[in-house]
Amino acid sequence: MYNYVIAIPNHPISSQYFMETVPVIEDITGNQCVMWPATTPENMPDFLKFRRDKPPTYATDYRAPMTETEKAVWYSHYFLWKHMFRYNEDAWIFEHDADLSRMPIWPEVQEHVGIAFCRDYGSMFGYFVRAEVCEILVDCVERIMIIGQIDTWMYDYVTQFMPRHIIPERYNMDVNQLTHYGTTINH
């Protein structure tokens, strides 16, 4: 099994995070990391349906417009899900700035688990997903109006579409976000 790390090729900040996080992720999970090239606003297609404004979050009490960068993040995950389903791959997926330093022991994912989340206060920096669940995710996002950032949707709304695949709360992992190089996303 691989860990996929979504990163922007040849981007100075993304490359720094990728080089820092990969050894930690590989050491903790025991799985090799493979970079998945992130979609950016410059190379983003236009076939998913996004609502103009995303819902309020734990940090905001207003509806902010969905940015082009946030849409590109969606496409990065969408194309990776399609790849994983096509090649029948189960994998952990991380964003390039995932901080696993508070996770010294990595959980074994049981056979019945379809999807598991790494989450820290409203942001999702990584998750495990099985190939058959990737097919469900792709089908779902091709049909629906996407109403928010991917981490909000994955953690807060995905249970509406596939409740039997969600793992119990006890599997949640303590993963945070690295911020010391800055950010690559425009909120």
# chains A, B, ... in the order shown; residues from 1 in each chain; ligands from 1

call {"tool": "select_by_dssp", "arguments": {"residues": "range 33-103 of chain A", "states": "strand (DSSP E)", "output": "compact mmCIF listing (two decimals) with C-alpha atoms, in the first residue's frame"}}
result
# COMPACT_ATOMS: atom_id res chain seq x y z
CA CYS A 33 5.01 7.92 -0.21
CA VAL A 34 4.23 8.82 -3.80
CA MET A 35 3.68 12.42 -4.86
CA TRP A 36 0.34 13.07 -6.55
CA PRO A 37 0.61 16.26 -8.64
CA LYS A 49 -20.33 21.95 -10.05
CA PHE A 50 -19.46 24.35 -7.24
CA ASP A 53 -20.48 30.65 -1.68
CA LYS A 54 -19.32 28.04 0.81
CA ALA A 64 -17.31 33.33 1.74
CA PRO A 65 -16.91 32.79 -1.99
CA ALA A 91 -4.18 4.24 0.23
CA TRP A 92 -3.60 6.93 2.80
CA ILE A 93 -3.89 10.37 1.18
CA PHE A 94 -2.13 13.32 2.77
CA GLU A 95 -1.78 16.96 1.89
CA ALA A 98 0.37 17.26 7.06
CA ASP A 99 2.09 17.16 10.45

call {"tool": "residues_around", "arguments": {"residues": "Val22 in chain A", "least_positions_apart": "2", "cutoff": "9 Å", "atoms": "only C-alpha atoms", "output": "list in words"}}
result
Val5, Tyr17, Phe18, Met19, Glu20, Val24, Ile25, Glu26, Asp27, Gln32, Cys33, Val34 and His96 of chain A

call {"tool": "write_last_selection", "arguments": {"atoms": "C-alpha atoms", "output": "tab-separated table (two decimals), in the first residue's frame"}}
result
chain	number	residue	atom	x	y	z
A	5	VAL	CA	0.96	13.02	-0.83
A	17	TYR	CA	6.65	20.71	2.94
A	18	PHE	CA	6.78	17.57	0.78
A	19	MET	CA	10.48	16.99	1.56
A	20	GLU	CA	9.82	17.51	5.28
A	24	VAL	CA	7.86	11.34	8.79
A	25	ILE	CA	4.82	9.86	7.02
A	26	GLU	CA	6.84	6.89	5.75
A	27	ASP	CA	8.39	6.28	9.16
A	32	GLN	CA	6.18	4.43	0.80
A	33	CYS	CA	5.01	7.92	-0.21
A	34	VAL	CA	4.23	8.82	-3.80
A	96	HIS	CA	1.80	18.17	1.54

call {"tool": "atom_distance", "arguments": {"atom1": "CA of Arg130 in chain A", "atom2": "CA of Tyr78 in chain A"}}
result
13.9 Å

call {"tool": "closest_residue", "arguments": {"among": "A:Asp97, A:Glu142, A:Gly148, A:Tyr87", "to": "Gln16 in chain A", "atoms": "only C-alpha atoms"}}
result
A:Asp97

call {"tool": "closest_residue", "arguments": {"among": "A:Glu132, A:Asp139, A:Asp90, A:Asp151", "to": "Lys71 in chain A", "atoms": "only C-alpha atoms"}}
result
A:Asp151

call {"tool": "atom_distance", "arguments": {"atom1": "CA of Tyr127 in chain A", "atom2": "CA of Arg143 in chain A"}}
result
22.2 Å

call {"tool": "residues_around", "arguments": {"residues": "Glu70 in chain A", "least_positions_apart": "4", "cutoff": "7 Å", "atoms": "only C-alpha atoms", "output": "list in words"}}
result
Met66, Trp74 and Gln149 of chain A

call {"tool": "write_last_selection", "arguments": {"atoms": "C-alpha atoms", "output": "PDB file, in the first residue's frame"}}
result
ATOM      1  CA  MET A  66     -15.297  29.534  -3.101  1.00  0.00           C
ATOM      2  CA  TRP A  74     -11.148  19.389  -5.110  1.00  0.00           C
ATOM      3  CA  GLN A 149     -13.971  23.062   0.841  1.00  0.00           C
TER       4      GLN A 149
END

call {"tool": "atom_distance", "arguments": {"atom1": "CA of Phe79 in chain A", "atom2": "CA of Arg63 in chain A"}}
result
27.1 Å

call {"tool": "closest_residue", "arguments": {"among": "A:Ala131, A:Ile136, A:Asn3, A:Thr67", "to": "Ile28 in chain A", "atoms": "only C-alpha atoms"}}
result
A:Asn3
